[in-house]
Amino acid sequence: MSSRIDTHDCQSAPVFELAGVSAFPPDYQTAPGEPARLLHNISLEIPAGRLVLLTGPNGSGKTILLRILTGLHTAWEGAVSYRGQPLRSSLREIRRRTGLLFQNPLHQLVERTVLDDVILSLRYRGIRRATAIEMVQPLIHDLALQDLLQRDPYSLSTGEQRRTVIAGLLAGGADTLLLDEPFTGLDYPGANELVRHLVQLRERGCSLVICTHDLIKIIQHTDHCLVLQNGQMQYSGDTNGLMELQRSDPDALQLEPIIPERFGSYH
């Protein structure tokens, strides 16, 4: 298993495209009255092979958007496509090639050792244990898990748990990662280490969508920014444009301040 992500010749096309998408609670078709809208008329593109920041205040709809992209939230209307094909007819491929990292990584760690969690998807496919272990060696090295392989995942730090989940998702064939608040519970050294690994994955061809309100930890590495507010798209563009908007109107997007002097130039 090469550490280079197999992008299946799809770098030129967006991974996901949304046009006029509104999302509703799961029971909206049977609930009385006008259904509440969790997302309102969202249109966007998520480019392939890029690191995309998805941000906004709490309750703005970030997690719902991630769940739509992975097929976990089905109460929506509008048009969603995955690599040029309708999302609802592409769910099998999405589940194979798109990995979602939950806010709590323990919800995705089910084996007794780190190694067994990393190779779990390969074992489900009938691959012999010894072969699976050999296949994941590049991922183990790339995500710095080699000294943790026999550890109980519950004994790891939160950052180590997240790296274990990411390795398992990539071992299963994911070339797109959606990460829901990946910096929660991490101190700055732990967050910086995770960011370093995510940037390396981007450099190897992985597409990443990082959902976070903690801009300081990731903004300098971001290729494209999406900002949600009250279920509506408030900004879609590059990092410099977002920073300029923050400078000119700090309250417009209800985001934490971005301090460019801490990082120098961005791109």
# chains A, B, ... in the order shown; residues from 1 in each chain; ligands from 1

call {"tool": "residues_around", "arguments": {"residues": "His197 of chain A", "least_positions_apart": "5", "cutoff": "12 Å", "atoms": "only C-alpha atoms", "output": "JSON, numbers by chain"}}
result
{"A": [139, 140, 141, 142, 143, 144, 145, 159, 160, 162, 163, 164, 166, 167, 190, 191, 192, 202, 203, 204, 206, 208, 218, 221]}

call {"tool": "write_last_selection", "arguments": {"atoms": "C-alpha atoms", "output": "PDB file, in the first residue's frame"}}
result
ATOM      1  CA  LEU A 139       0.534   4.422   6.572  1.00  0.00           C
ATOM      2  CA  ILE A 140       1.854   3.387   9.979  1.00  0.00           C
ATOM      3  CA  HIS A 141       5.116   5.168   9.236  1.00  0.00           C
ATOM      4  CA  ASP A 142       3.512   8.255   7.700  1.00  0.00           C
ATOM      5  CA  LEU A 143       1.185   8.749  10.689  1.00  0.00           C
ATOM      6  CA  ALA A 144       3.893   7.947  13.283  1.00  0.00           C
ATOM      7  CA  LEU A 145       2.073   4.966  14.772  1.00  0.00           C
ATOM      8  CA  GLY A 159      -4.332  13.055  18.945  1.00  0.00           C
ATOM      9  CA  GLU A 160      -2.974   9.510  18.738  1.00  0.00           C
ATOM     10  CA  ARG A 162      -7.361  10.437  15.704  1.00  0.00           C
ATOM     11  CA  ARG A 163      -4.238   9.399  13.811  1.00  0.00           C
ATOM     12  CA  THR A 164      -5.204   5.756  14.350  1.00  0.00           C
ATOM     13  CA  ILE A 166      -7.215   8.235   9.931  1.00  0.00           C
ATOM     14  CA  ALA A 167      -4.820   5.360   9.222  1.00  0.00           C
ATOM     15  CA  GLY A 190      -0.779  17.856  19.697  1.00  0.00           C
ATOM     16  CA  ALA A 191      -2.722  20.002  17.233  1.00  0.00           C
ATOM     17  CA  ASN A 192       0.447  21.013  15.392  1.00  0.00           C
ATOM     18  CA  ARG A 202      -2.691  16.684   1.096  1.00  0.00           C
ATOM     19  CA  GLU A 203       0.752  16.701  -0.527  1.00  0.00           C
ATOM     20  CA  ARG A 204       0.303  13.016  -1.405  1.00  0.00           C
ATOM     21  CA  CYS A 206      -5.600  13.269  -0.453  1.00  0.00           C
ATOM     22  CA  LEU A 208      -9.400  16.987   2.978  1.00  0.00           C
ATOM     23  CA  ILE A 218      -5.103  25.249  10.345  1.00  0.00           C
ATOM     24  CA  HIS A 221      -2.340  25.582   5.343  1.00  0.00           C
TER      25      HIS A 221
END

call {"tool": "select_by_dssp", "arguments": {"residues": "segment 115-201 of chain A", "states": "strand (DSSP E)", "output": "PyMOL selection string"}}
result
chain A and resi 176-180

call {"tool": "residues_around", "arguments": {"residues": "Asp214 of chain A", "least_positions_apart": "5", "cutoff": "12 Å", "atoms": "only C-alpha atoms", "output": "tab-separated table (two decimals) with N, CA and C atoms, in the first residue's frame"}}
result
chain	number	residue	atom	x	y	z
A	53	LEU	N	-11.14	24.30	4.39
A	53	LEU	CA	-11.61	24.64	5.73
A	53	LEU	C	-13.11	24.90	5.68
A	54	LEU	N	-13.84	24.21	6.55
A	54	LEU	CA	-15.28	24.44	6.72
A	54	LEU	C	-15.47	24.97	8.13
A	55	THR	N	-15.92	26.21	8.24
A	55	THR	CA	-16.01	26.82	9.56
A	55	THR	C	-17.30	27.62	9.70
A	56	GLY	N	-17.50	28.14	10.89
A	56	GLY	CA	-18.69	28.90	11.22
A	56	GLY	C	-19.02	28.72	12.69
A	57	PRO	N	-19.90	29.55	13.25
A	57	PRO	CA	-20.26	29.44	14.66
A	57	PRO	C	-20.90	28.09	14.97
A	58	ASN	N	-20.95	27.75	16.26
A	58	ASN	CA	-21.65	26.54	16.67
A	58	ASN	C	-23.10	26.60	16.20
A	180	ASP	N	-14.36	16.15	11.47
A	180	ASP	CA	-15.29	16.96	12.25
A	180	ASP	C	-14.63	17.37	13.56
A	181	GLU	N	-14.27	18.65	13.67
A	181	GLU	CA	-13.62	19.23	14.85
A	181	GLU	C	-12.42	18.38	15.30
A	182	PRO	N	-11.42	18.20	14.43
A	182	PRO	CA	-10.30	17.31	14.77
A	182	PRO	C	-9.36	17.85	15.83
A	183	PHE	N	-9.46	19.15	16.18
A	183	PHE	CA	-8.54	19.73	17.16
A	183	PHE	C	-9.13	19.81	18.56
A	184	THR	N	-10.38	19.39	18.72
A	184	THR	CA	-11.01	19.41	20.04
A	184	THR	C	-10.22	18.52	20.99
A	185	GLY	N	-9.89	19.06	22.16
A	185	GLY	CA	-9.20	18.29	23.18
A	185	GLY	C	-7.70	18.20	22.99
A	186	LEU	N	-7.15	18.86	21.96
A	186	LEU	CA	-5.71	18.82	21.72
A	186	LEU	C	-5.05	20.11	22.20
A	187	ASP	N	-3.88	19.98	22.83
A	187	ASP	CA	-3.09	21.17	23.13
A	187	ASP	C	-2.36	21.59	21.85
A	188	TYR	N	-1.63	22.71	21.91
A	188	TYR	CA	-0.99	23.20	20.68
A	188	TYR	C	0.02	22.22	20.10
A	191	ALA	N	-2.05	19.50	18.43
A	191	ALA	CA	-2.72	20.00	17.23
A	191	ALA	C	-1.73	20.22	16.10
A	219	ILE	N	-5.42	27.54	9.52
A	219	ILE	CA	-5.69	28.51	8.46
A	219	ILE	C	-4.51	28.71	7.52
A	255	LEU	N	-16.56	34.85	13.45
A	255	LEU	CA	-15.45	33.92	13.62
A	255	LEU	C	-14.45	34.49	14.60
A	256	GLU	N	-13.60	33.60	15.13
A	256	GLU	CA	-12.54	34.08	16.00
A	256	GLU	C	-11.55	34.91	15.19
A	257	PRO	N	-10.84	35.86	15.83
A	257	PRO	CA	-9.89	36.68	15.08
A	257	PRO	C	-8.78	35.83	14.47
A	258	ILE	N	-8.34	36.22	13.27
A	258	ILE	CA	-7.21	35.58	12.61
A	258	ILE	C	-6.04	36.55	12.69

call {"tool": "residues_around", "arguments": {"residues": "Lys62 of chain A", "least_positions_apart": "2", "cutoff": "12 Å", "atoms": "only C-alpha atoms", "output": "ChimeraX atom specification"}}
result
/A:23,38-39,42,53-60,64-69,178-181,209-213,226-233

call {"tool": "residues_around", "arguments": {"residues": "segment 86-95 of chain A", "least_positions_apart": "4", "cutoff": "8 Å", "atoms": "only C-alpha atoms", "output": "PyMOL selection string"}}
result
chain A and resi 69-71+79-82+99

call {"tool": "atom_distance", "arguments": {"atom1": "atom CA of Val15 of chain A", "atom2": "atom CA of Leu44 of chain A"}}
result
11.0 Å

call {"tool": "select_by_dssp", "arguments": {"residues": "segment 27-247 of chain A", "states": "helix (DSSP H, G or I)", "output": "PyMOL selection string"}}
result
chain A and resi 62-69+87-89+91-97+105-108+114-118+120-124+129-135+137-142+153-155+158-171+188-203+215-217+219-221+239-247

call {"tool": "write_last_selection", "arguments": {"atoms": "C-alpha atoms", "output": "mmCIF file, in the first residue's frame"}}
result
data_model
loop_
_atom_site.group_PDB
_atom_site.id
_atom_site.type_symbol
_atom_site.label_atom_id
_atom_site.label_comp_id
_atom_site.auth_asym_id
_atom_site.auth_seq_id
_atom_site.Cartn_x
_atom_site.Cartn_y
_atom_site.Cartn_z
ATOM 1 C CA LYS A 62 -21.179 22.291 9.551
ATOM 2 C CA THR A 63 -21.716 18.756 10.837
ATOM 3 C CA ILE A 64 -24.959 18.340 8.878
ATOM 4 C CA LEU A 65 -23.096 19.287 5.707
ATOM 5 C CA LEU A 66 -20.429 16.657 6.378
ATOM 6 C CA ARG A 67 -23.101 14.050 7.024
ATOM 7 C CA ILE A 68 -24.827 14.877 3.728
ATOM 8 C CA LEU A 69 -21.552 14.423 1.859
ATOM 9 C CA LEU A 87 -24.597 11.493 -4.814
ATOM 10 C CA ARG A 88 -27.521 9.167 -4.189
ATOM 11 C CA SER A 89 -26.378 6.831 -6.968
ATOM 12 C CA LEU A 91 -23.130 5.958 -2.147
ATOM 13 C CA ARG A 92 -21.210 2.697 -2.460
ATOM 14 C CA GLU A 93 -18.211 4.469 -3.980
ATOM 15 C CA ILE A 94 -18.481 7.333 -1.483
ATOM 16 C CA ARG A 95 -18.412 4.924 1.443
ATOM 17 C CA ARG A 96 -15.344 3.232 -0.002
ATOM 18 C CA ARG A 97 -13.402 6.353 -0.942
ATOM 19 C CA PRO A 105 -12.487 9.174 17.812
ATOM 20 C CA LEU A 106 -13.350 6.517 20.393
ATOM 21 C CA HIS A 107 -16.622 5.973 18.544
ATOM 22 C CA GLN A 108 -14.532 4.551 15.678
ATOM 23 C CA VAL A 114 -3.948 0.060 17.387
ATOM 24 C CA LEU A 115 -2.658 -2.341 14.747
ATOM 25 C CA ASP A 116 -5.895 -4.323 14.662
ATOM 26 C CA ASP A 117 -7.908 -1.126 14.270
ATOM 27 C CA VAL A 118 -5.734 0.041 11.373
ATOM 28 C CA LEU A 120 -9.739 -3.852 10.323
ATOM 29 C CA SER A 121 -11.198 -2.858 6.947
ATOM 30 C CA LEU A 122 -8.662 -5.027 5.121
ATOM 31 C CA ARG A 123 -9.511 -8.012 7.306
ATOM 32 C CA TYR A 124 -13.221 -7.499 6.537
ATOM 33 C CA ARG A 129 -3.614 -10.689 8.658
ATOM 34 C CA ALA A 130 0.062 -10.915 7.686
ATOM 35 C CA THR A 131 -0.666 -9.455 4.257
ATOM 36 C CA ALA A 132 -2.800 -6.671 5.748
ATOM 37 C CA ILE A 133 -0.037 -5.743 8.182
ATOM 38 C CA GLU A 134 2.452 -5.537 5.331
ATOM 39 C CA MET A 135 0.072 -3.401 3.281
ATOM 40 C CA GLN A 137 3.289 -0.271 6.839
ATOM 41 C CA PRO A 138 3.603 2.974 4.806
ATOM 42 C CA LEU A 139 0.534 4.422 6.572
ATOM 43 C CA ILE A 140 1.854 3.387 9.979
ATOM 44 C CA HIS A 141 5.116 5.168 9.236
ATOM 45 C CA ASP A 142 3.512 8.255 7.700
ATOM 46 C CA PRO A 153 -6.574 2.585 21.638
ATOM 47 C CA TYR A 154 -8.311 3.717 24.827
ATOM 48 C CA SER A 155 -4.894 4.312 26.426
ATOM 49 C CA THR A 158 -6.744 12.093 21.719
ATOM 50 C CA GLY A 159 -4.332 13.055 18.945
ATOM 51 C CA GLU A 160 -2.974 9.510 18.738
ATOM 52 C CA GLN A 161 -6.517 8.145 18.616
ATOM 53 C CA ARG A 162 -7.361 10.437 15.704
ATOM 54 C CA ARG A 163 -4.238 9.399 13.811
ATOM 55 C CA THR A 164 -5.204 5.756 14.350
ATOM 56 C CA VAL A 165 -8.682 6.358 12.912
ATOM 57 C CA ILE A 166 -7.215 8.235 9.931
ATOM 58 C CA ALA A 167 -4.820 5.360 9.222
ATOM 59 C CA GLY A 168 -7.719 2.910 9.282
ATOM 60 C CA LEU A 169 -9.774 5.062 6.910
ATOM 61 C CA LEU A 170 -6.895 5.340 4.455
ATOM 62 C CA ALA A 171 -6.176 1.611 4.715
ATOM 63 C CA TYR A 188 -0.993 23.198 20.683
ATOM 64 C CA PRO A 189 1.793 20.597 20.313
ATOM 65 C CA GLY A 190 -0.779 17.856 19.697
ATOM 66 C CA ALA A 191 -2.722 20.002 17.233
ATOM 67 C CA ASN A 192 0.447 21.013 15.392
ATOM 68 C CA GLU A 193 1.465 17.372 15.029
ATOM 69 C CA LEU A 194 -1.947 16.465 13.612
ATOM 70 C CA VAL A 195 -1.796 19.424 11.209
ATOM 71 C CA ARG A 196 1.629 18.287 10.009
ATOM 72 C CA HIS A 197 0.247 14.849 9.151
ATOM 73 C CA LEU A 198 -2.802 16.343 7.405
ATOM 74 C CA VAL A 199 -0.630 18.610 5.269
ATOM 75 C CA GLN A 200 1.510 15.619 4.287
ATOM 76 C CA LEU A 201 -1.631 13.736 3.256
ATOM 77 C CA ARG A 202 -2.691 16.684 1.096
ATOM 78 C CA GLU A 203 0.752 16.701 -0.527
ATOM 79 C CA LEU A 215 -8.992 28.697 12.693
ATOM 80 C CA ILE A 216 -5.595 29.504 14.166
ATOM 81 C CA LYS A 217 -4.460 25.880 14.061
ATOM 82 C CA ILE A 219 -5.691 28.513 8.464
ATOM 83 C CA GLN A 220 -2.124 28.924 7.161
ATOM 84 C CA HIS A 221 -2.340 25.582 5.343
ATOM 85 C CA THR A 239 -7.656 32.205 2.592
ATOM 86 C CA ASN A 240 -6.462 35.707 1.752
ATOM 87 C CA GLY A 241 -9.996 36.794 0.890
ATOM 88 C CA LEU A 242 -11.284 35.474 4.203
ATOM 89 C CA MET A 243 -8.541 37.273 6.115
ATOM 90 C CA GLU A 244 -9.265 40.525 4.292
ATOM 91 C CA LEU A 245 -12.957 40.230 5.138
ATOM 92 C CA GLN A 246 -12.067 39.602 8.773
ATOM 93 C CA ARG A 247 -9.854 42.694 8.804
#
